[in-house]
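Asker: Structure file start12.tsv (TSV, C-alpha atoms) right here:
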chain	number	residue	atom	x	y	z
A	1	MET	CA	0.00	0.00	0.00
A	2	PRO	CA	1.26	3.49	-0.81
A	3	ILE	CA	2.58	5.67	1.99
A	4	PRO	CA	2.77	9.47	1.57
A	5	PRO	CA	6.37	10.59	1.08
A	6	GLU	CA	6.11	13.01	4.00
A	7	VAL	CA	5.71	10.04	6.37
A	8	THR	CA	9.31	9.21	7.28
A	9	GLY	CA	8.83	6.86	10.23
A	10	GLU	CA	10.52	9.35	12.54
A	11	GLU	CA	7.07	10.31	13.83
A	12	ILE	CA	6.84	7.03	15.73
A	13	ASP	CA	7.02	6.77	19.51
A	14	PRO	CA	10.66	6.68	20.72
A	15	ALA	CA	10.06	3.47	22.68
A	16	VAL	CA	8.81	1.73	19.54
A	17	ARG	CA	11.72	3.11	17.53
A	18	GLN	CA	14.04	1.60	20.11
A	19	GLU	CA	12.41	-1.81	19.62
A	20	LEU	CA	12.81	-1.56	15.86
A	21	MET	CA	16.57	-1.00	16.17
A	22	SER	CA	16.93	-4.79	16.31
A	23	LEU	CA	15.99	-4.83	12.60
A	24	PRO	CA	18.16	-3.91	9.61
A	25	LYS	CA	17.97	-0.17	8.96
A	26	GLY	CA	15.95	-0.31	5.73
A	27	LEU	CA	13.51	-2.82	7.17
A	28	ALA	CA	13.12	-0.82	10.36
A	29	GLU	CA	12.23	2.25	8.29
A	30	ASP	CA	9.60	0.35	6.29
A	31	VAL	CA	8.03	-1.07	9.44
A	32	SER	CA	8.02	2.28	11.23
A	33	ARG	CA	6.36	4.05	8.29
A	34	ASN	CA	3.60	1.44	8.22
A	35	LEU	CA	3.13	1.78	11.98
A	36	VAL	CA	2.82	5.54	11.60
A	37	MET	CA	0.03	4.98	9.06
A	38	VAL	CA	-1.71	2.66	11.51
A	39	ALA	CA	-1.59	5.31	14.22
A	40	GLN	CA	-2.82	8.06	11.88
A	41	LEU	CA	-5.74	6.08	10.42
A	42	ILE	CA	-6.99	3.87	13.25
A	43	ASP	CA	-9.71	6.31	14.32
A	44	GLU	CA	-10.85	7.76	11.00
A	45	ASP	CA	-10.35	4.73	8.73
A	46	PRO	CA	-9.76	1.57	10.80
A	47	GLU	CA	-9.97	-0.75	7.79
A	48	LYS	CA	-7.03	0.98	6.11
A	49	ALA	CA	-5.15	1.05	9.40
A	50	TYR	CA	-5.69	-2.70	9.61
A	51	GLU	CA	-4.20	-3.20	6.12
A	52	TYR	CA	-1.07	-1.24	7.05
A	53	SER	CA	-0.78	-3.23	10.29
A	54	ARG	CA	-0.80	-6.49	8.33
A	55	ILE	CA	2.09	-5.24	6.19
A	56	ALA	CA	4.07	-4.33	9.31
A	57	LEU	CA	3.25	-7.74	10.77
A	58	ARG	CA	4.54	-9.55	7.69
A	59	LEU	CA	7.77	-7.55	7.87
A	60	ALA	CA	8.46	-7.85	11.60
A	61	SER	CA	6.23	-10.33	13.42
A	62	ARG	CA	8.82	-10.86	16.16
A	63	VAL	CA	8.64	-7.27	17.38
A	64	ALA	CA	6.24	-6.82	20.29
A	65	ALA	CA	5.23	-3.29	19.28
A	66	VAL	CA	4.23	-4.56	15.85
A	67	ARG	CA	2.10	-7.35	17.36
A	68	GLU	CA	0.46	-4.80	19.67
A	69	ALA	CA	-0.29	-2.39	16.81
A	70	ALA	CA	-1.74	-5.26	14.78
A	71	GLY	CA	-3.87	-6.17	17.77
A	72	PHE	CA	-5.31	-2.68	18.13
A	73	ALA	CA	-5.99	-2.42	14.41
A	74	ALA	CA	-7.84	-5.74	14.48
A	75	TYR	CA	-9.70	-4.63	17.61
A	76	ALA	CA	-10.77	-1.39	15.88
A	77	THR	CA	-12.29	-3.44	13.04
A	78	GLN	CA	-14.02	-5.83	15.48
A	79	LYS	CA	-11.82	-8.78	14.53
A	80	TYR	CA	-11.72	-9.79	18.18
A	81	ALA	CA	-10.24	-13.30	17.84
A	82	GLU	CA	-7.38	-11.94	15.76
A	83	ALA	CA	-6.87	-9.01	18.13
A	84	LEU	CA	-6.77	-11.32	21.14
A	85	ALA	CA	-4.16	-13.54	19.48
A	86	GLU	CA	-1.94	-10.52	18.73
A	87	PHE	CA	-2.30	-9.11	22.25
A	88	ARG	CA	-1.39	-12.48	23.75
A	89	ALA	CA	1.67	-12.67	21.53
A	90	ALA	CA	2.76	-9.17	22.54
A	91	ARG	CA	2.27	-10.02	26.20
A	92	ARG	CA	4.37	-13.17	25.89
A	93	MET	CA	7.17	-11.12	24.36
A	94	THR	CA	7.15	-8.34	26.94
A	95	GLY	CA	5.73	-9.93	30.08
A	96	SER	CA	3.69	-6.73	30.58
A	97	VAL	CA	0.12	-6.78	31.94
A	98	GLU	CA	-0.74	-3.48	30.25
A	99	LEU	CA	-2.94	-5.15	27.62
A	100	TRP	CA	-4.96	-7.17	30.15
A	101	PRO	CA	-8.12	-4.96	30.04
A	102	VAL	CA	-8.33	-4.86	26.24
A	103	MET	CA	-7.73	-8.62	26.12
A	104	ALA	CA	-10.69	-9.05	28.47
A	105	ASP	CA	-12.78	-6.77	26.25
A	106	CYS	CA	-11.92	-8.99	23.28
A	107	GLU	CA	-13.48	-11.86	25.23
A	108	ARG	CA	-16.63	-9.75	25.51
A	109	GLY	CA	-16.51	-9.09	21.77
A	110	LEU	CA	-16.32	-12.84	21.18
A	111	GLY	CA	-19.49	-13.33	23.24
A	112	ARG	CA	-17.69	-14.66	26.31
A	113	PRO	CA	-18.46	-12.12	29.08
A	114	GLU	CA	-17.90	-14.75	31.77
A	115	ARG	CA	-14.25	-15.02	30.68
A	116	ALA	CA	-13.89	-11.24	30.87
A	117	LEU	CA	-15.24	-11.34	34.44
A	118	ALA	CA	-12.84	-14.12	35.35
A	119	MET	CA	-9.95	-12.02	34.04
A	120	ALA	CA	-11.15	-9.10	36.19
A	121	GLY	CA	-10.47	-11.25	39.24
A	122	GLU	CA	-6.99	-12.38	38.24
A	123	PRO	CA	-3.80	-11.19	40.04
A	124	GLU	CA	-2.71	-9.35	36.87
A	125	VAL	CA	-5.26	-6.64	37.64
A	126	GLN	CA	-3.38	-5.65	40.80
A	127	LYS	CA	-0.27	-5.03	38.71
A	128	LEU	CA	-2.04	-2.49	36.48
A	129	ASP	CA	-1.61	1.23	37.00
A	130	LYS	CA	-4.63	3.31	38.04
A	131	ALA	CA	-5.75	3.94	34.46
A	132	GLY	CA	-5.52	0.22	33.70
A	133	GLN	CA	-7.53	-0.70	36.79
A	134	VAL	CA	-10.26	1.76	35.85
A	135	GLU	CA	-10.29	0.31	32.34
A	136	MET	CA	-10.64	-3.17	33.80
A	137	ARG	CA	-13.56	-1.97	35.92
A	138	LEU	CA	-15.26	-0.61	32.79
A	139	VAL	CA	-14.78	-3.92	31.00
A	140	ALA	CA	-16.12	-5.90	33.98
A	141	ALA	CA	-19.19	-3.66	34.20
A	142	GLY	CA	-19.76	-4.15	30.47
A	143	ALA	CA	-19.54	-7.91	30.92
A	144	ARG	CA	-22.14	-7.72	33.70
A	145	ARG	CA	-24.46	-5.83	31.36
A	146	ASP	CA	-23.83	-8.40	28.62
A	147	MET	CA	-25.13	-10.99	31.05
A	148	GLY	CA	-28.19	-8.93	31.94
A	149	GLN	CA	-26.89	-8.09	35.43
A	150	LEU	CA	-27.63	-4.36	35.47
A	151	ASP	CA	-27.54	-3.87	39.23
A	152	ALA	CA	-24.22	-5.69	39.43
A	153	ALA	CA	-22.84	-3.49	36.63
A	154	ILE	CA	-23.81	-0.37	38.58
A	155	VAL	CA	-22.16	-1.67	41.74
A	156	THR	CA	-19.02	-2.61	39.78
A	157	LEU	CA	-18.62	1.00	38.63
A	158	GLN	CA	-19.08	2.46	42.11
A	159	SER	CA	-15.56	3.20	43.28
A	160	PRO	CA	-13.35	5.91	44.78
A	161	GLU	CA	-12.38	6.90	41.22
A	162	LEU	CA	-16.05	7.51	40.37
A	163	ALA	CA	-16.64	9.54	43.53
A	164	SER	CA	-13.50	11.64	43.09
A	165	ASN	CA	-13.82	15.25	41.93
A	166	ALA	CA	-10.40	15.07	40.29
A	167	ASN	CA	-10.35	15.01	36.50
A	168	HIS	CA	-8.27	12.26	34.88
A	169	PRO	CA	-8.16	11.04	31.26
A	170	TRP	CA	-10.57	8.24	32.16
A	171	THR	CA	-12.98	10.28	34.35
A	172	ALA	CA	-15.46	11.20	31.62
A	173	ARG	CA	-15.73	7.63	30.35
A	174	LEU	CA	-16.20	6.23	33.85
A	175	ARG	CA	-18.97	8.72	34.66
A	176	TYR	CA	-20.57	8.12	31.27
A	177	ALA	CA	-20.60	4.35	31.77
A	178	TYR	CA	-22.17	4.79	35.20
A	179	ALA	CA	-24.84	7.16	33.84
A	180	ASP	CA	-25.63	4.77	30.98
A	181	ALA	CA	-25.99	1.84	33.38
A	182	LEU	CA	-28.30	3.87	35.62
A	183	LEU	CA	-30.42	4.82	32.62
A	184	ALA	CA	-30.65	1.20	31.49
A	185	ALA	CA	-31.87	0.32	35.01
A	186	GLY	CA	-34.62	2.95	34.78
A	187	ARG	CA	-32.99	5.37	37.22
A	188	ASP	CA	-33.40	8.39	34.96
A	189	GLY	CA	-32.90	11.12	37.56
A	190	GLU	CA	-29.58	9.71	38.74
A	191	ALA	CA	-28.56	9.05	35.15
A	192	ARG	CA	-29.14	12.70	34.26
A	193	GLU	CA	-26.96	13.80	37.17
A	194	TRP	CA	-24.09	11.58	36.08
A	195	PHE	CA	-24.36	12.48	32.41
A	196	ALA	CA	-24.01	16.11	33.53
A	197	LYS	CA	-20.91	15.17	35.53
A	198	ALA	CA	-19.52	13.36	32.50
A	199	VAL	CA	-20.03	16.52	30.41
A	200	GLU	CA	-18.05	18.52	32.98
A	201	ALA	CA	-15.11	16.11	32.70
A	202	ASP	CA	-15.28	15.57	28.94
A	203	LYS	CA	-13.12	18.45	27.74
A	204	ASP	CA	-12.16	16.86	24.41
A	205	GLY	CA	-15.56	15.40	23.44
A	206	SER	CA	-14.54	11.77	23.81
A	207	THR	CA	-18.14	10.80	24.67
A	208	ASP	CA	-21.58	11.93	23.50
A	209	ALA	CA	-22.57	12.79	27.08
A	210	SER	CA	-23.83	16.25	26.10
A	211	ASP	CA	-26.20	14.74	23.51
A	212	ARG	CA	-27.46	12.17	26.00
A	213	LEU	CA	-28.05	14.89	28.58
A	214	ALA	CA	-29.97	17.01	26.08
A	215	GLU	CA	-32.05	13.99	25.12
A	216	LEU	CA	-33.00	13.39	28.77
A	217	ASP	CA	-33.94	17.06	29.09
A	218	GLY	CA	-36.18	16.82	26.04
A	219	VAL	CA	-34.10	19.23	24.00
A	220	GLU	CA	-34.48	18.89	20.22
A	221	PHE	CA	-31.98	20.43	17.82
A	222	VAL	CA	-33.69	21.92	14.76
A	223	ASP	CA	-31.86	23.15	11.68
A	224	ALA	CA	-32.58	26.87	11.46
A	225	PHE	CA	-31.94	26.77	7.73
A	226	ASP	CA	-34.17	23.85	6.80
A	227	ASP	CA	-34.72	24.18	3.02
A	228	SER	CA	-38.02	22.33	3.15
A	229	ASP	CA	-39.43	24.79	5.69
A	230	GLU	CA	-38.23	27.70	3.55
A	231	GLU	CA	-39.90	26.25	0.47
A	232	ASN	CA	-43.13	25.63	2.36
A	233	GLY	CA	-42.97	29.16	3.70
A	234	ASP	CA	-42.59	30.59	0.20
A	235	GLU	CA	-45.50	28.54	-1.07
A	236	SER	CA	-47.78	29.57	1.76
A	237	GLY	CA	-46.74	33.20	1.21
A	238	ASP	CA	-47.68	33.03	-2.46
A	239	GLU	CA	-50.98	31.45	-1.54
A	240	SER	CA	-51.76	34.23	0.95
A	241	ASP	CA	-50.86	36.93	-1.56
A	242	GLY	CA	-53.23	35.34	-4.05
A	243	GLU	CA	-56.06	35.30	-1.53
A	244	VAL	CA	-55.56	38.99	-0.66
A	245	GLU	CA	-55.54	39.96	-4.35
A	246	ALA	CA	-58.73	37.99	-4.89
A	247	GLU	CA	-60.40	39.85	-2.02
A	248	ARG	CA	-59.35	43.20	-3.51
A	249	ASP	CA	-60.80	42.22	-6.90
A	250	GLY	CA	-64.04	41.29	-5.19
A	251	ASP	CA	-64.22	44.63	-3.37
A	252	ARG	CA	-63.69	46.55	-6.60
A	253	GLU	CA	-66.49	44.56	-8.28
A	254	ASP	CA	-68.86	45.37	-5.40
A	255	ASP	CA	-68.04	49.08	-5.71
A	256	ARG	CA	-68.89	49.03	-9.43
A	257	ASP	CA	-72.23	47.32	-8.72
A	258	ASP	CA	-73.14	49.99	-6.14
A	259	ARG	CA	-72.37	52.80	-8.61
A	260	ASP	CA	-74.50	51.16	-11.34
A	261	GLU	CA	-77.46	50.93	-8.98
A	262	ASP	CA	-77.17	54.63	-8.15
What's the structure tokens form of this structure?

Answerer:
Amino acid sequence: MPIPPEVTGEEIDPAVRQELMSLPKGLAEDVSRNLVMVAQLIDEDPEKAYEYSRIALRLASRVAAVREAAGFAAYATQKYAEALAEFRAARRMTGSVELWPVMADCERGLGRPERALAMAGEPEVQKLDKAGQVEMRLVAAGARRDMGQLDAAIVTLQSPELASNANHPWTARLRYAYADALLAAGRDGEAREWFAKAVEADKDGSTDASDRLAELDGVEFVDAFDDSDEENGDESGDESDGEVEAERDGDREDDRDDRDED
């Protein structure tokens, strides 16, 4: 697949570049350029990102960063079995538990929420940093919902991180998930409160909390420049003008009749 000439591979994360130094220089450059394309496209065009990840994988399947990138590209295209295999391979190579939450979410994607819950109780979770533990909590709550256990999902999300007023990168998503679970359980008033809190924390618009809040408040967004309304308005205006003119013609006719009688 073509890669724009301005993509040099130097844009890649320094830690990944360090990993690629084990490869011959030319090969390392090819792999890094493909990984840059994966990173640039994974949100806006995940299918293309996936194609670039497969090229990088063919070139350097023994590099953990490549397996991880391939995993995320597969995950973004909902190829959960493939993503899980790549994440497991990356974990074997590095020994890191960082990918544990997304591996559990792959189990959910494969229709195995009970496996995701089992992973939430494994010792690996205690080795995660705070962001990873919150992510694992989100996955576990999602698994509970998959199994129809709404109350358990709500309880799973209740935590010191949820109650905290501090704003972290994961705060908006945690509050949003809690609000959504409350809404699904029919607790609309509480859900509205937490959607509002999610809006407060969501500075970069990573969730649609503001839309959900507006929906609960009964707010409807109407296009002020709706062409159909404008056309209808013009038609009704023409119709009114015609009626007025007809009335004037009638009045003039009546005046003539009165004069003739005199």

Asker: Could you jot down the CA of Gln149 in chain A to CA of Leu117 in chain A separation for me, Å, one decimal place?

Answerer: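 Those two atoms sit 12.1 Å apart.
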
Asker: List the spatial neighbours of Arg58 in chain A as a list in words - criterion: any atom at most 12 Å away, only C-alpha atoms, same-chain residues fewer than 4 positions off excluded.

Answerer: Leu27, Asp30, Val31, Asn34, Glu51, Tyr52, Ser53, Arg54, Arg62, Val63, Val66, Arg67 and Ala70 of chain A

Asker: Of the candidates A:Pro169, A:Pro14, A:Pro160, A:Pro2, which shows the shortest atom-to-atom distance to Gly205 in chain A, using all atoms listed in the file?

Answerer: A:Pro169

Asker: Mind pulling up the distance from CA of Glu11 in chain A to CA of Lys25 in chain A?

Answerer: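 CA of Glu11 in chain A lies 15.9 Å from CA of Lys25 in chain A.
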
Asker: Measure the distance from CA of Arg108 in chain A to CA of Ala140 in chain A in Å and round it to one decimal.

Answerer: 9.3 Å

Asker: Counting all atoms listed in the file, which residue out of A:Glu68, A:Ala73, A:Asp204, A:Ala198 sits closest to Phe87 in chain A?

Answerer: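 When distances to Phe87 in chain A are compared using all atoms listed in the file, the smallest one comes from A:Glu68.
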
Asker: Find the spatial neighbours of Val199 in chain A, counting all atoms listed in the file, within a cut-off of 10 Å - ignore same-chain residues fewer than 6 positions away - and output them as a PDB file with C-alpha atoms, in the frame of the given file.

Answerer:
ATOM      1  CA  ALA A 172     -15.460  11.200  31.620  1.00  0.00           C
ATOM      2  CA  ARG A 173     -15.730   7.630  30.350  1.00  0.00           C
ATOM      3  CA  ARG A 175     -18.970   8.720  34.660  1.00  0.00           C
ATOM      4  CA  TYR A 176     -20.570   8.120  31.270  1.00  0.00           C
ATOM      5  CA  GLY A 205     -15.560  15.400  23.440  1.00  0.00           C
ATOM      6  CA  SER A 206     -14.540  11.770  23.810  1.00  0.00           C
ATOM      7  CA  THR A 207     -18.140  10.800  24.670  1.00  0.00           C
ATOM      8  CA  ASP A 208     -21.580  11.930  23.500  1.00  0.00           C
ATOM      9  CA  ALA A 209     -22.570  12.790  27.080  1.00  0.00           C
ATOM     10  CA  SER A 210     -23.830  16.250  26.100  1.00  0.00           C
ATOM     11  CA  ASP A 211     -26.200  14.740  23.510  1.00  0.00           C
ATOM     12  CA  ARG A 212     -27.460  12.170  26.000  1.00  0.00           C
ATOM     13  CA  LEU A 213     -28.050  14.890  28.580  1.00  0.00           C
TER      14      LEU A 213
END

Asker: Residues of range 136-236 of chain A that approach range 94-103 of chain A to 12 Å or less, counting all atoms listed in the file: could you list each one with the shortest pair of atoms and its distance in Å to one decimal, rows by chain and increasing residue number, as a Markdown table?

Answerer:
| residue | atom | partner | partner_atom | distance |
| --- | --- | --- | --- | --- |
| A:Met136 | CA | A:Pro101 | CA | 4.9 |
| A:Arg137 | CA | A:Pro101 | CA | 8.6 |
| A:Leu138 | CA | A:Pro101 | CA | 8.8 |
| A:Val139 | CA | A:Pro101 | CA | 6.8 |
| A:Ala140 | CA | A:Pro101 | CA | 9.0 |
| A:Ala141 | CA | A:Pro101 | CA | 11.9 |
| A:Gly142 | CA | A:Pro101 | CA | 11.7 |
| A:Ala143 | CA | A:Pro101 | CA | 11.8 |

Asker: Looking at all atoms listed in the file, which of A:Leu150, A:Ala60, A:Ile3, A:Ala65 is the one that sits closest to Pro24 in chain A?

Answerer: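 Among A:Leu150, A:Ala60, A:Ile3, A:Ala65, it is A:Ala60 that comes nearest to Pro24 in chain A.
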
Asker: Rank A:Met21, A:Leu157, A:Leu110, A:Ala90 by their smallest atom-to-atom distance to Gln133 in chain A, using all atoms listed in the file, and report the top residue only.

Answerer: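 Of A:Met21, A:Leu157, A:Leu110, A:Ala90, the one nearest Gln133 in chain A is A:Leu157, counting all atoms listed in the file.
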
Asker: Quick one: residues within 10 Å of Gly111 in chain A, all atoms listed in the file counted, chain neighbours fewer than 6 positions away excluded, as a list in words?

Answerer: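 Residues meeting the cut-off are Tyr80, Asp105, Ala143, Asp146 and Met147 of chain A.
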
Asker: Near Lys130 in chain A, within 10 Å and counting all atoms listed in the file, which residues show up once chain neighbours fewer than 5 positions away are dropped, as a VMD selection string?

Answerer: chain A and resid 125 135 to 136 161 170

Asker: Using all atoms listed in the file, what residues lie at most 9 Å away from (2.3, 7.3, 10.2) (file coordinates), given as a list in words?

Answerer: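 Collected hits near the coordinates: Ile3, Pro4, Val7, Thr8, Gly9, Glu10, Glu11, Ile12, Ser32, Arg33, Asn34, Leu35, Val36, Met37, Val38, Ala39, Gln40 and Leu41 of chain A.
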
Asker: Neighbours of Leu182 in chain A within 12 Å (all atoms listed in the file; same-chain residues fewer than 5 positions away dropped), as a PyMOL selection string?

Answerer: chain A and resi 141+145+150-155+157-158+175-177+187-195
